[in-house]
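The structure appears right after this line, and notes come after that.
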Amino acid sequence: MAIENFLKVLLRHKIALVVVPIIAVVITHFLVRNSPDAYTSRARIATGIIDGSTALMNGKNVPEVQVNQEFGNIIQTMSLKKVLNQVSYKLALHDLSTDIPFRTLRGFWSALSVREKKLAIEILTKKYNSREGLSLDNPQEYKLYQLLSSARYDNESLLADLTILRVNNSDFIDLNYEAEEQRLSAFVLNTLCKETIAYYTATVSDNNRKSVEFLDSLLQHKQALLQQKTAYLRDYKVRNGILDVNNQASTLIAQIADFETKKQDAEKNISSYRGALKNIDNRFNPNDRKFFESSVANLNQDILVTKSRLTTVNNEFIKSGFDSKYKAKVDSLQSVLSYQINKVNDNYSYNPASSKQDLVSQKLNLEVSLELAKNSTSSLGSELKRLNSRLYSLVPYQATIKRTQDEIDLATTEYTELSKKYEQARMDASFTVRLKQVEEALPGTPKPSKKMLLVILAGIISFIFCLTVLFVLYFLDNSINDSYELANRTKQPVLGFLNQLKNNKINLKDLWKNANETSDLQYFKSLLSSLRFELDSNLGNKKVIAITSLQADEGKTFFALNLAYAYTIINKKVLLIDGNFDQPEITETVKPTFYIEDYLLSDDVSTCVFDSENNLTIMGNKGSDLSLLELTNQKTVADKINTLNSLFDVILIETPSLNKLNKAKEWIMFADKVVPVFEATRTISHSNNGEIDYLTSLNGKLTGWVLNKVVNSKSGTVKRKKVKTAIV
């Protein structure tokens, strides 16, 4: 339904939908017909960023992210004001120094004298050579800036017609420039390529040089620091007599472990020797020991001397760290001691009655071994103390040497990494990206004309704009245009609608008696007959119908007159009462002979209001600011209307609009049915909610709304106009 209504809106405004695009097309045509043709030139630059030979020489593959970043830097370099200023200077110098300029000299250009042109050339040449921009604070340079702007040689104008892009994922950058002159487009691109290559190469080379110089100075500083720390460590070792702390400590730890092992073995041997001697002594009786000791006293003296010498040599052997030269002496003394012990056994100086010669020999050997073990334990303990003392003395040296060595290792790592960066920087500086213009721009070819496209777009855009405006107006429009909208808004029934008539003057008698009317009049009569039928169906035995509206001028007078004539067509006696005292339009139109005031205030006028020769009787009013009940009381009005009920088949009363306070409600009190009239294209505001609620509260009196002046395909265009009626 909403689409259908919107289509109706478009149909009502079809002239605007056609005229506005036509006007836009005509205006666009006159605006673009004299616009100059456009010429486009193209140049191409090779960057060398993803060149395989470069990657092979410098030994690195450039990541894709870095590739895109470098292409972006180059493209942004081409758009720099410093680079575009160089192009602007070249263009201005060309036009100032030639008789065939790229653009016609006018405005500021044409007003320059010969001296001013010469001065301008000098300043522009100086600015070009020094790559400086124009200072707007300087009057002369500000005037030159105005010259460039007037000729559209400034950097903003150049950028507006310049297109720079990378060709897919290749190594090339394409530049396109559009101008109204063939030579100009090519000159701009070739100059821009030249200036970009010069600026980019100089900038990159300068940056690489600064990087190499910085890394070189930093590398020398790191090298000096490393040499300083190395010399300090060397001097510290020499000063403290330390060759290698780690090796010395390891040697001492190994010696300590070895001596501790030997000491433990000696202590175990002492215990075992003592136990063995005790067992041997227990097997001798006291007399045997006394005899034996007296027999070998002299030999034992020699054995003690040899033991003493063996103990001394054994101690020296332990202190020397078990040196091999002492080992030979120990072995020699042990051989002498064994000989002396054997000699004691061979002497057979013990008691002949005894058979314990082997025990005597074992005891002597065990005593020698026990003595050696005791001496070894003492010597090993002293040596262990000495070795531990030496190990503890290395601890402070180790801490200092370890800290210094860590500093040297860190400095060495930093120096190594910095050396790699330095070499890489030197390598990168040797293989700097070299921009190269591989395709020179040639005089541009004419572009396809956009004039016709602009004209067509103007028509399409204006048409779409009109559609948008109409849609917004339709969307924001709360007016009621059909019966469905009226029923939804009021929540009350709708009897039907009447179409909008084209004629603003209608003779009612001719309308209802003449058969040669127009199609919209025929449609109107058909709709009114349908409404009359619906009213008859709702009336039943009732006769009094009050016709009202929410506001004035909604067509209730026209509807009441036509409804009265529609009832006369079916041979019903109809009384039409003009109850609108404020606006007695029926009275002014018909000029009746009977008035409601006379009827209500007279004693017996029932016969004078009845016209036996005419089915339609109209009762007007004299017009005043009074209401119905201000003329007479409620009982008199009721009695008078009951009298009229006996004389007529249908009584139609046009009441004032409902916004006239109680004037309409007083008439509705005496009516059997109420028919409110609503004019299409009007809105129902919140202020009308009270009147709508009142109609709802009539408890069955409301028959339904009549939507008046509806526009449809059969009734023509929308024009809100007041129809003048006449009765002849």
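Simple scheme: letters A, B, ... for chains in structure tokens order, numbers from 1 for residues in each chain, numbers from 1 for ligands in the order shown.
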
Mind the document's chain letters and residue numbers, and return as a ChimeraX atom specification the residues of stretch 551-692 of chain A that DSSP labels alpha helix (DSSP H).
/A:556-569,585-590,596-601,628-631,634-647,663-669,689-692

Requested write-out: C-alpha atoms of the selected residues, as a PDB file, in the first residue's frame:
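Produced file result-v1.pdb, reproduced below:
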```pdb
ATOM      1  CA  LYS A 556     -19.387  18.916   4.476  1.00  0.00           C
ATOM      2  CA  THR A 557     -21.702  21.560   2.870  1.00  0.00           C
ATOM      3  CA  PHE A 558     -21.108  20.170  -0.613  1.00  0.00           C
ATOM      4  CA  PHE A 559     -21.545  16.626   0.669  1.00  0.00           C
ATOM      5  CA  ALA A 560     -24.796  17.511   2.490  1.00  0.00           C
ATOM      6  CA  LEU A 561     -26.352  19.150  -0.595  1.00  0.00           C
ATOM      7  CA  ASN A 562     -25.406  16.269  -2.893  1.00  0.00           C
ATOM      8  CA  LEU A 563     -26.548  13.664  -0.377  1.00  0.00           C
ATOM      9  CA  ALA A 564     -29.900  15.434  -0.143  1.00  0.00           C
ATOM     10  CA  TYR A 565     -30.287  15.330  -3.923  1.00  0.00           C
ATOM     11  CA  ALA A 566     -29.227  11.673  -3.957  1.00  0.00           C
ATOM     12  CA  TYR A 567     -32.107  10.854  -1.582  1.00  0.00           C
ATOM     13  CA  THR A 568     -34.585  12.759  -3.721  1.00  0.00           C
ATOM     14  CA  ILE A 569     -33.606  10.599  -6.700  1.00  0.00           C
ATOM     15  CA  GLU A 585     -23.053  28.393   3.381  1.00  0.00           C
ATOM     16  CA  ILE A 586     -26.159  26.352   2.498  1.00  0.00           C
ATOM     17  CA  THR A 587     -28.325  29.395   3.244  1.00  0.00           C
ATOM     18  CA  GLU A 588     -26.113  31.659   1.145  1.00  0.00           C
ATOM     19  CA  THR A 589     -26.122  29.196  -1.762  1.00  0.00           C
ATOM     20  CA  VAL A 590     -29.831  28.207  -1.852  1.00  0.00           C
ATOM     21  CA  ILE A 596     -34.670  27.274  11.547  1.00  0.00           C
ATOM     22  CA  GLU A 597     -35.047  30.215  13.934  1.00  0.00           C
ATOM     23  CA  ASP A 598     -38.635  30.878  12.748  1.00  0.00           C
ATOM     24  CA  TYR A 599     -39.527  27.222  13.041  1.00  0.00           C
ATOM     25  CA  LEU A 600     -38.122  26.784  16.543  1.00  0.00           C
ATOM     26  CA  LEU A 601     -39.602  29.992  17.912  1.00  0.00           C
ATOM     27  CA  LEU A 628     -28.916  25.825  19.102  1.00  0.00           C
ATOM     28  CA  LEU A 629     -29.808  25.705  22.791  1.00  0.00           C
ATOM     29  CA  GLU A 630     -29.339  29.439  23.083  1.00  0.00           C
ATOM     30  CA  LEU A 631     -32.340  29.877  20.746  1.00  0.00           C
ATOM     31  CA  GLN A 634     -33.839  21.301  24.767  1.00  0.00           C
ATOM     32  CA  LYS A 635     -37.470  20.078  25.108  1.00  0.00           C
ATOM     33  CA  THR A 636     -38.746  22.495  22.431  1.00  0.00           C
ATOM     34  CA  VAL A 637     -35.993  21.412  20.022  1.00  0.00           C
ATOM     35  CA  ALA A 638     -36.801  17.752  20.624  1.00  0.00           C
ATOM     36  CA  ASP A 639     -40.522  18.321  20.059  1.00  0.00           C
ATOM     37  CA  LYS A 640     -39.904  20.289  16.871  1.00  0.00           C
ATOM     38  CA  ILE A 641     -37.603  17.599  15.438  1.00  0.00           C
ATOM     39  CA  ASN A 642     -40.128  14.890  16.320  1.00  0.00           C
ATOM     40  CA  THR A 643     -42.711  16.874  14.366  1.00  0.00           C
ATOM     41  CA  LEU A 644     -40.355  16.992  11.373  1.00  0.00           C
ATOM     42  CA  ASN A 645     -39.818  13.219  11.632  1.00  0.00           C
ATOM     43  CA  SER A 646     -43.494  12.762  10.831  1.00  0.00           C
ATOM     44  CA  LEU A 647     -43.255  14.970   7.746  1.00  0.00           C
ATOM     45  CA  LYS A 663     -22.096  24.081  18.866  1.00  0.00           C
ATOM     46  CA  ALA A 664     -21.831  20.843  16.880  1.00  0.00           C
ATOM     47  CA  LYS A 665     -22.433  18.659  19.940  1.00  0.00           C
ATOM     48  CA  GLU A 666     -25.780  20.409  20.644  1.00  0.00           C
ATOM     49  CA  TRP A 667     -27.097  19.392  17.208  1.00  0.00           C
ATOM     50  CA  ILE A 668     -25.672  15.867  17.579  1.00  0.00           C
ATOM     51  CA  MET A 669     -27.736  15.450  20.776  1.00  0.00           C
ATOM     52  CA  ASN A 689      -7.684  13.424  19.476  1.00  0.00           C
ATOM     53  CA  GLY A 690     -10.378  14.889  21.725  1.00  0.00           C
ATOM     54  CA  GLU A 691     -12.881  15.179  18.855  1.00  0.00           C
ATOM     55  CA  ILE A 692     -12.108  11.616  17.706  1.00  0.00           C
TER      56      ILE A 692
END
```

Using only C-alpha atoms, which protein or nucleic acid residues come within 10 Å of A:Asn169? Drop anything in the same chain fewer than 4 positions from it, and give the result as a list in words.
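Using only C-alpha atoms, the neighbours found are Ile50, Val67, Asn68 and Ile173 of chain A.
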
Next, dump the selected residues to file, keeping only C-alpha atoms, as a compact mmCIF listing (two decimals), in the first residue's frame.
```txt
# COMPACT_ATOMS: atom_id res chain seq x y z
CA ILE A 50 63.27 -6.10 -6.12
CA VAL A 67 59.57 -3.57 -0.27
CA ASN A 68 56.14 -1.99 0.14
CA ILE A 173 56.15 3.01 -10.88
```

Skip stretch 472-478 of chain A itself and residues of its chain fewer than 4 positions away, then list as a list in words all residues within 10 Å of it, counting only C-alpha atoms.
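What passes the distance filter is Ala2, Asn5, Phe6, Val9, Leu10, Cys466, Leu467, Thr468, Glu485, Thr681, Arg682, Thr683, Ile684 and Ser685 of chain A.
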
Once you have the residues from the selection above, write them out as a JSON list (two decimals), in the first residue's frame, restricted to C-alpha atoms.
```json
[["chain", "number", "residue", "atom", "x", "y", "z"],
["A", 2, "ALA", "CA", 2.85, 2.38, 0.83],
["A", 5, "ASN", "CA", 0.79, 5.69, -2.45],
["A", 6, "PHE", "CA", 4.34, 6.69, -3.29],
["A", 9, "VAL", "CA", 2.90, 10.95, -5.36],
["A", 10, "LEU", "CA", 5.31, 10.45, -8.26],
["A", 466, "CYS", "CA", 13.95, 14.65, -7.34],
["A", 467, "LEU", "CA", 13.01, 11.08, -6.42],
["A", 468, "THR", "CA", 14.85, 11.43, -3.12],
["A", 485, "GLU", "CA", -5.22, 5.48, 6.38],
["A", 681, "THR", "CA", -4.47, 15.30, 2.07],
["A", 682, "ARG", "CA", -5.14, 16.82, 5.49],
["A", 683, "THR", "CA", -3.58, 15.54, 8.70],
["A", 684, "ILE", "CA", -5.04, 14.56, 12.04],
["A", 685, "SER", "CA", -2.97, 16.24, 14.71]]
```

From the list A:Asn190, A:His94, A:Ala224, A:Pro63, which residue is nearest A:Ala411 when using only C-alpha atoms?
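Smallest distance to A:Ala411 is found for A:Ala224.
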
Could you tell me which of A:Leu147, A:Val87, A:Leu112, A:Leu470 comes closest to A:Lys14 if we count only C-alpha atoms?
A:Leu470

Pick out each residue of stretch 391-638 of chain A that DSSP on the backbone tags as strand (DSSP E); I need them as JSON, numbers by chain.
{"A": [436, 437, 438, 439, 445, 446, 494, 495, 496, 497, 498, 499, 505, 506, 507, 544, 545, 546, 547, 548, 549, 574, 575, 576, 577, 578, 594, 595, 616, 617, 618, 619, 620]}

So which residues touch A:Val677 within 6 Å, counting only C-alpha atoms, skipping near sequence neighbours fewer than 4 positions away, as an mmCIF file with C-alpha atoms, in the first residue's frame?
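Result went into selection-v3.cif, see below:
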```
data_model
loop_
_atom_site.group_PDB
_atom_site.id
_atom_site.type_symbol
_atom_site.label_atom_id
_atom_site.label_comp_id
_atom_site.auth_asym_id
_atom_site.auth_seq_id
_atom_site.Cartn_x
_atom_site.Cartn_y
_atom_site.Cartn_z
ATOM 1 C CA SER A 549 -16.225 17.580 10.345
ATOM 2 C CA LYS A 556 -19.387 18.916 4.476
ATOM 3 C CA TRP A 705 -16.394 8.676 8.079
ATOM 4 C CA VAL A 706 -16.681 10.047 4.555
#
```

Polymer residues at most 8 Å from stretch 40-45 of chain A, only C-alpha atoms, same-chain spacing of 3 or more positions, as a PDB file with C-alpha atoms, in the first residue's frame:
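The new file around05.pdb reads:
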```
ATOM      1  CA  PHE A 172      58.024  -0.151 -11.827  1.00  0.00           C
ATOM      2  CA  ILE A 173      56.154   3.009 -10.884  1.00  0.00           C
ATOM      3  CA  ASP A 174      53.841   4.631 -13.424  1.00  0.00           C
ATOM      4  CA  LEU A 175      53.161   8.363 -13.489  1.00  0.00           C
ATOM      5  CA  ASN A 176      50.213   9.884 -15.357  1.00  0.00           C
ATOM      6  CA  TYR A 177      49.490  13.569 -15.804  1.00  0.00           C
ATOM      7  CA  GLU A 178      46.493  15.182 -17.430  1.00  0.00           C
ATOM      8  CA  ALA A 179      46.686  18.647 -18.996  1.00  0.00           C
ATOM      9  CA  GLN A 182      50.086  17.986 -25.185  1.00  0.00           C
ATOM     10  CA  SER A 185      51.726  16.884 -19.816  1.00  0.00           C
ATOM     11  CA  ALA A 186      54.982  15.366 -21.099  1.00  0.00           C
ATOM     12  CA  LEU A 189      56.235  14.134 -16.047  1.00  0.00           C
ATOM     13  CA  ASN A 190      59.794  14.215 -17.411  1.00  0.00           C
ATOM     14  CA  CYS A 193      61.014  12.107 -12.830  1.00  0.00           C
ATOM     15  CA  LEU A 435      65.951   5.116  -9.598  1.00  0.00           C
ATOM     16  CA  LYS A 436      65.933   5.162 -13.376  1.00  0.00           C
ATOM     17  CA  GLN A 437      63.402   6.537 -15.819  1.00  0.00           C
ATOM     18  CA  VAL A 438      62.901   3.659 -18.232  1.00  0.00           C
ATOM     19  CA  GLU A 439      60.104   5.288 -20.256  1.00  0.00           C
ATOM     20  CA  GLU A 440      60.154   8.940 -21.158  1.00  0.00           C
ATOM     21  CA  ALA A 441      56.861  10.796 -21.300  1.00  0.00           C
ATOM     22  CA  LEU A 442      55.705  11.756 -24.777  1.00  0.00           C
ATOM     23  CA  PRO A 443      53.171  14.443 -25.728  1.00  0.00           C
ATOM     24  CA  GLY A 444      49.823  13.283 -24.431  1.00  0.00           C
ATOM     25  CA  THR A 445      47.059  11.689 -26.436  1.00  0.00           C
ATOM     26  CA  PRO A 446      43.552  13.173 -26.190  1.00  0.00           C
ATOM     27  CA  LYS A 447      41.297  11.514 -23.651  1.00  0.00           C
TER      28      LYS A 447
END
```
